[in-house]
Structure formats: structure tokens, C-alpha cells
file target13.cif (mmCIF, C-alpha atoms)
data_my_file
#
loop_
_atom_site.group_PDB
_atom_site.id
_atom_site.type_symbol
_atom_site.label_atom_id
_atom_site.label_comp_id
_atom_site.auth_asym_id
_atom_site.auth_seq_id
_atom_site.Cartn_x
_atom_site.Cartn_y
_atom_site.Cartn_z
ATOM 1 C CA GLU W 9 0.000 0.000 0.000
ATOM 2 C CA LYS W 10 1.623 3.253 -1.082
ATOM 3 C CA PRO W 11 2.053 5.947 1.583
ATOM 4 C CA LYS W 12 -0.460 8.786 1.492
ATOM 5 C CA ASP W 13 0.566 12.021 -0.106
ATOM 6 C CA ALA W 14 1.738 14.467 2.606
ATOM 7 C CA THR W 15 -0.662 17.196 1.506
ATOM 8 C CA GLU W 16 -3.493 14.696 1.738
ATOM 9 C CA GLU W 17 -2.459 13.852 5.309
ATOM 10 C CA ASN W 18 -2.261 17.533 6.214
ATOM 11 C CA ARG W 19 -5.705 18.107 4.767
ATOM 12 C CA ALA W 20 -7.114 15.205 6.777
ATOM 13 C CA ALA W 21 -5.497 16.520 9.945
ATOM 14 C CA ALA W 22 -6.903 19.980 9.332
ATOM 15 C CA GLU W 23 -10.408 18.530 9.082
ATOM 16 C CA LEU W 24 -10.219 16.874 12.518
ATOM 17 C CA PRO W 25 -12.238 18.675 15.191
ATOM 18 C CA HIS W 26 -10.124 20.899 17.419
ATOM 19 C CA ARG W 27 -9.062 19.175 20.623
ATOM 20 C CA ALA W 28 -7.761 21.228 23.503
ATOM 21 C CA GLU W 29 -4.295 20.216 24.674
ATOM 22 C CA LYS W 30 -4.331 18.437 28.012
ATOM 23 C CA PRO W 31 -1.677 18.846 30.677
ATOM 24 C CA LYS W 32 1.067 16.225 30.737
ATOM 25 C CA SER W 33 -0.871 14.190 33.309
ATOM 26 C CA GLY W 34 -3.384 13.476 30.554
ATOM 27 C CA LYS W 35 -6.216 14.789 32.708
ATOM 28 C CA ALA W 36 -8.198 17.899 31.863
ATOM 29 C CA THR W 37 -8.214 21.012 34.049
ATOM 30 C CA VAL W 38 -11.726 21.635 35.358
ATOM 31 C CA VAL W 39 -13.056 24.826 36.930
ATOM 32 C CA ILE W 40 -16.011 24.259 39.258
ATOM 33 C CA ASP W 41 -18.098 27.345 39.937
ATOM 34 C CA ALA W 42 -20.449 27.307 42.922
ATOM 35 C CA GLY W 43 -23.164 29.800 42.004
ATOM 36 C CA HIS W 44 -23.933 32.933 44.064
ATOM 37 C CA GLY W 45 -22.286 33.461 47.487
ATOM 38 C CA GLY W 46 -21.813 36.146 50.130
ATOM 39 C CA LYS W 47 -24.382 38.932 49.794
ATOM 40 C CA ASP W 48 -25.953 37.077 46.828
ATOM 41 C CA SER W 49 -27.967 34.200 48.304
ATOM 42 C CA GLY W 50 -29.474 33.095 44.991
ATOM 43 C CA ALA W 51 -32.888 31.456 45.171
ATOM 44 C CA VAL W 52 -34.414 30.830 48.598
ATOM 45 C CA GLY W 53 -36.317 27.574 48.981
ATOM 46 C CA VAL W 54 -39.812 27.245 50.395
ATOM 47 C CA ASP W 55 -38.176 26.097 53.654
ATOM 48 C CA GLY W 56 -35.628 28.933 53.796
ATOM 49 C CA THR W 57 -32.693 26.967 52.332
ATOM 50 C CA ARG W 58 -30.429 29.251 50.284
ATOM 51 C CA GLU W 59 -29.170 28.352 46.823
ATOM 52 C CA LYS W 60 -25.645 29.602 47.578
ATOM 53 C CA GLU W 61 -25.273 26.942 50.307
ATOM 54 C CA LEU W 62 -26.505 24.020 48.196
ATOM 55 C CA ALA W 63 -24.308 25.137 45.290
ATOM 56 C CA LEU W 64 -21.162 25.269 47.427
ATOM 57 C CA ASP W 65 -21.956 21.953 49.122
ATOM 58 C CA THR W 66 -22.395 20.274 45.717
ATOM 59 C CA ALA W 67 -19.268 21.950 44.292
ATOM 60 C CA LYS W 68 -17.126 20.585 47.134
ATOM 61 C CA ARG W 69 -18.463 17.074 46.525
ATOM 62 C CA VAL W 70 -17.679 17.407 42.809
ATOM 63 C CA GLU W 71 -14.186 18.724 43.590
ATOM 64 C CA SER W 72 -13.469 15.755 45.849
ATOM 65 C CA LEU W 73 -14.635 13.167 43.292
ATOM 66 C CA LEU W 74 -12.750 14.759 40.392
ATOM 67 C CA THR W 75 -9.558 15.091 42.439
ATOM 68 C CA GLN W 76 -9.771 11.392 43.343
ATOM 69 C CA GLN W 77 -9.787 10.657 39.610
ATOM 70 C CA GLY W 78 -6.657 12.701 39.003
ATOM 71 C CA TYR W 79 -8.181 15.867 37.566
ATOM 72 C CA GLN W 80 -6.752 19.282 38.324
ATOM 73 C CA VAL W 81 -9.681 21.154 39.882
ATOM 74 C CA ILE W 82 -9.939 24.897 40.417
ATOM 75 C CA MET W 83 -12.819 26.297 42.497
ATOM 76 C CA THR W 84 -14.045 29.842 41.834
ATOM 77 C CA ARG W 85 -15.082 29.944 45.494
ATOM 78 C CA SER W 86 -14.513 27.522 48.374
ATOM 79 C CA ARG W 87 -16.361 29.516 51.037
ATOM 80 C CA ASP W 88 -19.327 31.845 51.403
ATOM 81 C CA GLU W 89 -18.088 34.889 49.501
ATOM 82 C CA TYR W 90 -19.364 37.133 46.744
ATOM 83 C CA ILE W 91 -17.416 36.915 43.475
ATOM 84 C CA GLN W 92 -18.408 38.876 40.389
ATOM 85 C CA LEU W 93 -19.443 36.855 37.342
ATOM 86 C CA ALA W 94 -16.727 38.280 35.090
ATOM 87 C CA GLU W 95 -14.133 37.367 37.732
ATOM 88 C CA ARG W 96 -15.335 33.747 37.729
ATOM 89 C CA ALA W 97 -14.840 33.559 33.965
ATOM 90 C CA LYS W 98 -11.421 35.207 34.303
ATOM 91 C CA VAL W 99 -10.274 32.504 36.746
ATOM 92 C CA ALA W 100 -11.066 29.843 34.138
ATOM 93 C CA ASN W 101 -9.559 31.746 31.203
ATOM 94 C CA ASN W 102 -6.341 32.580 33.069
ATOM 95 C CA ALA W 103 -5.944 28.918 34.039
ATOM 96 C CA LYS W 104 -6.522 27.899 30.396
ATOM 97 C CA ALA W 105 -8.972 25.336 31.748
ATOM 98 C CA ASP W 106 -10.488 22.684 29.491
ATOM 99 C CA ILE W 107 -13.905 22.632 31.176
ATOM 100 C CA PHE W 108 -15.960 25.159 33.162
ATOM 101 C CA LEU W 109 -18.929 23.838 35.110
ATOM 102 C CA SER W 110 -21.216 26.138 37.116
ATOM 103 C CA ILE W 111 -23.587 24.729 39.749
ATOM 104 C CA HIS W 112 -26.973 26.311 40.480
ATOM 105 C CA PHE W 113 -30.468 25.374 41.645
ATOM 106 C CA ASN W 114 -33.652 26.551 39.996
ATOM 107 C CA SER W 115 -36.676 28.572 41.049
ATOM 108 C CA ALA W 116 -39.932 29.380 39.245
ATOM 109 C CA GLY W 117 -43.128 31.332 39.773
ATOM 110 C CA SER W 118 -45.028 28.038 39.873
ATOM 111 C CA ASP W 119 -44.475 25.486 42.627
ATOM 112 C CA LYS W 120 -45.107 22.717 40.049
ATOM 113 C CA ALA W 121 -41.942 23.230 37.937
ATOM 114 C CA LYS W 122 -39.496 20.369 38.506
ATOM 115 C CA GLY W 123 -36.414 18.668 37.147
ATOM 116 C CA ILE W 124 -32.909 19.163 35.826
ATOM 117 C CA GLU W 125 -31.727 21.386 33.019
ATOM 118 C CA VAL W 126 -28.246 22.184 31.759
ATOM 119 C CA LEU W 127 -27.461 25.488 30.066
ATOM 120 C CA TYR W 128 -24.745 26.321 27.542
ATOM 121 C CA ALA W 129 -23.756 29.182 25.224
ATOM 122 C CA SER W 130 -23.659 28.096 21.592
ATOM 123 C CA GLU W 131 -20.492 28.769 19.636
ATOM 124 C CA ASN W 132 -22.834 30.126 16.943
ATOM 125 C CA ASN W 133 -23.802 32.956 19.312
ATOM 126 C CA VAL W 134 -20.484 33.465 21.118
ATOM 127 C CA SER W 135 -17.468 33.726 18.818
ATOM 128 C CA ARG W 136 -14.903 33.043 21.569
ATOM 129 C CA LYS W 137 -16.389 29.509 21.851
ATOM 130 C CA LYS W 138 -15.696 28.535 18.229
ATOM 131 C CA GLU W 139 -12.267 27.074 18.910
ATOM 132 C CA ALA W 140 -13.610 24.912 21.757
ATOM 133 C CA GLY W 141 -16.251 23.428 19.441
ATOM 134 C CA ASP W 142 -19.851 22.320 19.855
ATOM 135 C CA GLN W 143 -20.958 23.524 23.293
ATOM 136 C CA ARG W 144 -23.913 21.142 23.381
ATOM 137 C CA ARG W 145 -21.632 18.133 23.881
ATOM 138 C CA LEU W 146 -20.626 18.924 27.472
ATOM 139 C CA ALA W 147 -24.177 19.952 28.384
ATOM 140 C CA ASN W 148 -25.565 16.709 26.949
ATOM 141 C CA GLU W 149 -23.065 14.435 28.689
ATOM 142 C CA VAL W 150 -23.610 16.119 32.060
ATOM 143 C CA LEU W 151 -27.406 16.095 31.731
ATOM 144 C CA LYS W 152 -27.519 12.398 30.760
ATOM 145 C CA CYS W 153 -25.383 11.366 33.719
ATOM 146 C CA ILE W 154 -27.264 13.509 36.256
ATOM 147 C CA LEU W 155 -30.596 12.058 35.120
ATOM 148 C CA LYS W 156 -29.202 8.528 35.389
ATOM 149 C CA GLU W 157 -28.017 9.150 38.966
ATOM 150 C CA THR W 158 -30.962 11.170 40.299
ATOM 151 C CA GLY W 159 -33.983 9.986 38.308
ATOM 152 C CA LEU W 160 -35.332 13.555 38.237
ATOM 153 C CA ASN W 161 -37.436 15.053 35.435
ATOM 154 C CA ASN W 162 -35.549 15.864 32.212
ATOM 155 C CA ARG W 163 -35.915 19.516 31.171
ATOM 156 C CA GLY W 164 -33.221 19.229 28.520
ATOM 157 C CA ILE W 165 -30.317 21.461 27.526
ATOM 158 C CA LYS W 166 -30.888 25.128 26.701
ATOM 159 C CA ASN W 167 -28.842 27.698 24.820
ATOM 160 C CA ARG W 168 -28.388 30.734 27.084
ATOM 161 C CA PRO W 169 -25.614 32.862 25.536
ATOM 162 C CA GLU W 170 -26.646 35.884 27.617
ATOM 163 C CA LEU W 171 -25.409 34.261 30.863
ATOM 164 C CA ALA W 172 -22.082 35.864 31.792
ATOM 165 C CA VAL W 173 -20.171 32.810 33.001
ATOM 166 C CA LEU W 174 -21.071 30.945 29.800
ATOM 167 C CA ARG W 175 -20.565 33.922 27.476
ATOM 168 C CA LEU W 176 -17.216 35.086 28.921
ATOM 169 C CA THR W 177 -15.400 31.736 29.237
ATOM 170 C CA ASP W 178 -13.193 30.552 26.358
ATOM 171 C CA MET W 179 -13.567 26.820 26.933
ATOM 172 C CA ASN W 180 -16.336 24.213 26.936
ATOM 173 C CA ALA W 181 -18.757 25.406 29.594
ATOM 174 C CA ALA W 182 -22.075 24.357 31.068
ATOM 175 C CA LEU W 183 -24.327 25.494 33.898
ATOM 176 C CA VAL W 184 -26.265 22.873 35.846
ATOM 177 C CA GLU W 185 -29.648 23.706 37.382
ATOM 178 C CA GLY W 186 -29.888 20.926 39.957
ATOM 179 C CA GLY W 187 -33.620 20.996 40.728
ATOM 180 C CA PHE W 188 -36.358 23.438 41.763
ATOM 181 C CA MET W 189 -36.194 25.059 45.178
ATOM 182 C CA SER W 190 -39.648 26.556 44.518
ATOM 183 C CA ASN W 191 -41.218 23.081 44.387
ATOM 184 C CA PRO W 192 -41.838 21.837 47.982
ATOM 185 C CA ASP W 193 -41.584 18.145 47.036
ATOM 186 C CA GLU W 194 -38.404 18.619 45.023
ATOM 187 C CA MET W 195 -36.915 20.850 47.728
ATOM 188 C CA ASP W 196 -37.377 18.052 50.270
ATOM 189 C CA THR W 197 -35.309 15.821 47.981
ATOM 190 C CA ILE W 198 -32.556 18.159 46.808
ATOM 191 C CA LYS W 199 -31.480 19.362 50.256
ATOM 192 C CA THR W 200 -30.579 15.831 51.399
ATOM 193 C CA ASP W 201 -27.032 14.469 51.513
ATOM 194 C CA ALA W 202 -28.123 11.456 49.494
ATOM 195 C CA TYR W 203 -29.400 13.642 46.640
ATOM 196 C CA LEU W 204 -26.383 15.979 46.621
ATOM 197 C CA ASP W 205 -24.097 12.921 46.409
ATOM 198 C CA LYS W 206 -26.060 11.659 43.401
ATOM 199 C CA LEU W 207 -26.009 15.076 41.748
ATOM 200 C CA ALA W 208 -22.241 15.376 42.279
ATOM 201 C CA ARG W 209 -21.659 11.865 40.893
ATOM 202 C CA GLY W 210 -23.767 12.690 37.848
ATOM 203 C CA ILE W 211 -21.829 15.892 37.181
ATOM 204 C CA VAL W 212 -18.499 14.092 37.539
ATOM 205 C CA ASN W 213 -19.540 11.180 35.325
ATOM 206 C CA GLY W 214 -20.660 13.648 32.661
ATOM 207 C CA ILE W 215 -17.334 15.506 32.810
ATOM 208 C CA VAL W 216 -15.371 12.237 32.595
ATOM 209 C CA ASN W 217 -17.450 11.034 29.625
ATOM 210 C CA PHE W 218 -16.979 14.353 27.853
ATOM 211 C CA ASP W 219 -13.236 14.293 28.546
ATOM 212 C CA GLN W 220 -12.860 10.768 27.200
ATOM 213 C CA LYS W 221 -14.941 11.384 24.079
ATOM 214 C CA TYR W 222 -13.972 14.883 23.020
ATOM 215 C CA LEU W 223 -10.769 16.177 24.666
#

call {"tool": "encode", "arguments": {"input": "target13.cif", "output": "C-alpha cells"}}
result
Amino acid sequence: EKPKDATEENRAAAELPHRAEKPKSGKATVVIDAGHGGKDSGAVGVDGTREKELALDTAKRVESLLTQQGYQVIMTRSRDEYIQLAERAKVANNAKADIFLSIHFNSAGSDKAKGIEVLYASENNVSRKKEAGDQRRLANEVLKCILKETGLNNRGIKNRPELAVLRLTDMNAALVEGGFMSNPDEMDTIKTDAYLDKLARGIVNGIVNFDQKYL
């Protein structure tokens, strides 16, 4: 079999999807962003639970699981403090992270809304995302794995390019809404240790799947 023409090989290489370079350890660098904090409590549940506390609790569980698997993890906050949205994105961009994952919990005017959704900013709307590629991939992997772990209602993935932490980050990024604090039944579930463990496992499994498939 005759060797391929070099220009043909170059052309084939150029057509491959862009893959971010990983650190020498072979593991991606992941920024975990616990939503809200400090003076910004986020949503307040029907029982008085504050979103900022659930987000940080979940983020710490995710950090622990990812670190155990050899990932380099950077937290935008590790305590109850207020950090501006642009600053959160800057942390990820300065670290040249491969993945940015923000953790939030939902609230709605109706107490019937329920389930998990994952938000992303399409590279078609945000030019800085073009090099990182299709932003739906991370959102899809994370959503699938969270649903498998928690069994909660599937609200799908949604393109939200107006959200600062998604719009201002250079890398693959997604924002998890881990259930509705405005729904009394769901609130009873999502504030438990058992649920937060499942949510964290789902997030981590989604990140690992994404890493193995696309990075």
C-alpha cells in the first residue's frame, strides 16, 4: 500500500475537530463554579434553604470526586463569599482550563416546575467559543449522567448565551440547574445528603465522559 501524499495527510489533519491540549498528566483542568455566594444568596427555597449553600456543598463534593480521579480542579469559590461573574470567567480563562462547570439550583413562579436542566452558550452565538467546538456536547453528557443518577425530570439542555459565566469563558462550559427550590416536594429531595451525592456523581460522570470522548 503506497504511503499517502503528505498534503493529503495535512488536509485530513486539518479537518479533525479541534481538541484542547491536556496537561502532561493526561487529565483535563476543570473549573467548578459554585453559584452565588456572600451577599448574593441566589434562590431561597420554600423552607428557607439558600441556593448559595446548596451550590457550594455540591461543588465541594464534585471537587473531591474529580480530584480522586486525578483531575486538576480549580474552584471559583470555596467559602461563602461574593465573586463577580466576570471574575469567575477570568479565573477559568487565566488557568486555560479545558472545562468550566457552574452549579446552580432553579426557582420558578409556579411550585409545580421540577427537574434538571443544563445550560450552555452556543459557539454560533459566542465567537470566543468557536475554537472549543460544539458547546452542546458537554451539556448533553452532564445532563444524561445527572438524570441517570438522580432519576429527576428531564428539562433538557438550553442555549443561554446571555449568561455571563457561559458567554465570557473561552472553553467548553455548562451550567447545571440541579432541581427546583420553589417546588416543595423537590426541595425536600434536593437538600438531602443522598441527593447531593447523586447530583455530584452525575456531574463528575458527565465531565469524565466528555473528557474521554472529546478532549

call {"tool": "resolve_selection", "arguments": {"input": "target13.cif", "expression": "the PyMOL selection byres ((chain W and resi 52) around 12)", "output": "NGL selection string"}}
result
:W and (44 or 48-51 or 53-62 or 112-116 or 188-192 or 195 or 199)

call {"tool": "resolve_selection", "arguments": {"input": "target13.cif", "expression": "the PyMOL selection byres ((chain W and resi 156) around 12)", "output": "list in words"}}
result
Ile124, Glu149, Val150, Leu151, Lys152, Cys153, Ile154, Leu155, Glu157, Thr158, Gly159, Leu160, Asn161, Asn162, Lys206, Leu207, Ala208, Arg209, Gly210, Ile211, Asn213 and Gly214 of chain W

call {"tool": "closest_atom_pairs", "arguments": {"input": "target13.cif", "of": "segment 41-135 of chain W", "to": "segment 167-182 of chain W", "cutoff": "10 Å", "atoms": "only C-alpha atoms", "output": "Markdown table"}}
result
| residue | atom | partner | partner_atom | distance |
| --- | --- | --- | --- | --- |
| W:Asp41 | CA | W:Val173 | CA | 9.1 |
| W:Gly43 | CA | W:Val173 | CA | 10.0 |
| W:Gln92 | CA | W:Val173 | CA | 9.7 |
| W:Leu93 | CA | W:Val173 | CA | 6.0 |
| W:Ala94 | CA | W:Ala172 | CA | 6.7 |
| W:Glu95 | CA | W:Val173 | CA | 8.9 |
| W:Arg96 | CA | W:Val173 | CA | 6.8 |
| W:Ala97 | CA | W:Thr177 | CA | 5.1 |
| W:Lys98 | CA | W:Thr177 | CA | 7.3 |
| W:Val99 | CA | W:Thr177 | CA | 9.1 |
| W:Ala100 | CA | W:Thr177 | CA | 6.8 |
| W:Asn101 | CA | W:Thr177 | CA | 6.2 |
| W:Asn102 | CA | W:Asp178 | CA | 9.8 |
| W:Lys104 | CA | W:Met179 | CA | 7.9 |
| W:Ala105 | CA | W:Met179 | CA | 6.8 |
| W:Asp106 | CA | W:Met179 | CA | 5.8 |
| W:Ile107 | CA | W:Asn180 | CA | 5.1 |
| W:Phe108 | CA | W:Ala181 | CA | 4.5 |
| W:Leu109 | CA | W:Ala182 | CA | 5.1 |
| W:Ser110 | CA | W:Ala182 | CA | 6.4 |
| W:Ile111 | CA | W:Ala182 | CA | 8.8 |
| W:Val126 | CA | W:Ala182 | CA | 6.6 |
| W:Leu127 | CA | W:Ala182 | CA | 5.6 |
| W:Tyr128 | CA | W:Ala182 | CA | 4.8 |
| W:Ala129 | CA | W:Pro169 | CA | 4.1 |
| W:Ser130 | CA | W:Asn167 | CA | 6.1 |
| W:Glu131 | CA | W:Pro169 | CA | 8.8 |
| W:Asn132 | CA | W:Pro169 | CA | 9.4 |
| W:Asn133 | CA | W:Pro169 | CA | 6.5 |
| W:Val134 | CA | W:Arg175 | CA | 6.4 |
| W:Ser135 | CA | W:Arg175 | CA | 9.2 |

call {"tool": "atom_distance", "arguments": {"input": "target13.cif", "atom1": "atom CA of Leu183 of chain W", "atom2": "atom CA of Ala121 of chain W"}}
result
18.2 Å

call {"tool": "atom_distance", "arguments": {"input": "target13.cif", "atom1": "atom CA of Glu125 of chain W", "atom2": "atom CA of Arg144 of chain W"}}
result
12.4 Å

call {"tool": "atom_distance", "arguments": {"input": "target13.cif", "atom1": "atom CA of Asp193 of chain W", "atom2": "atom CA of Asp88 of chain W"}}
result
26.5 Å

call {"tool": "closest_residue", "arguments": {"input": "target13.cif", "among": "W:Arg69, W:Lys35, W:Lys122, W:Lys137", "to": "Val216 of chain W", "atoms": "all atoms listed in the file"}}
result
W:Lys35

call {"tool": "closest_residue", "arguments": {"input": "target13.cif", "among": "W:Ala36, W:Arg136, W:Ile215, W:Ala42", "to": "Gly186 of chain W", "atoms": "all atoms listed in the file"}}
result
W:Ala42

call {"tool": "closest_residue", "arguments": {"input": "target13.cif", "among": "W:Gly46, W:Gly141, W:Gly117, W:Gly123", "to": "Arg87 of chain W", "atoms": "all atoms listed in the file"}}
result
W:Gly46
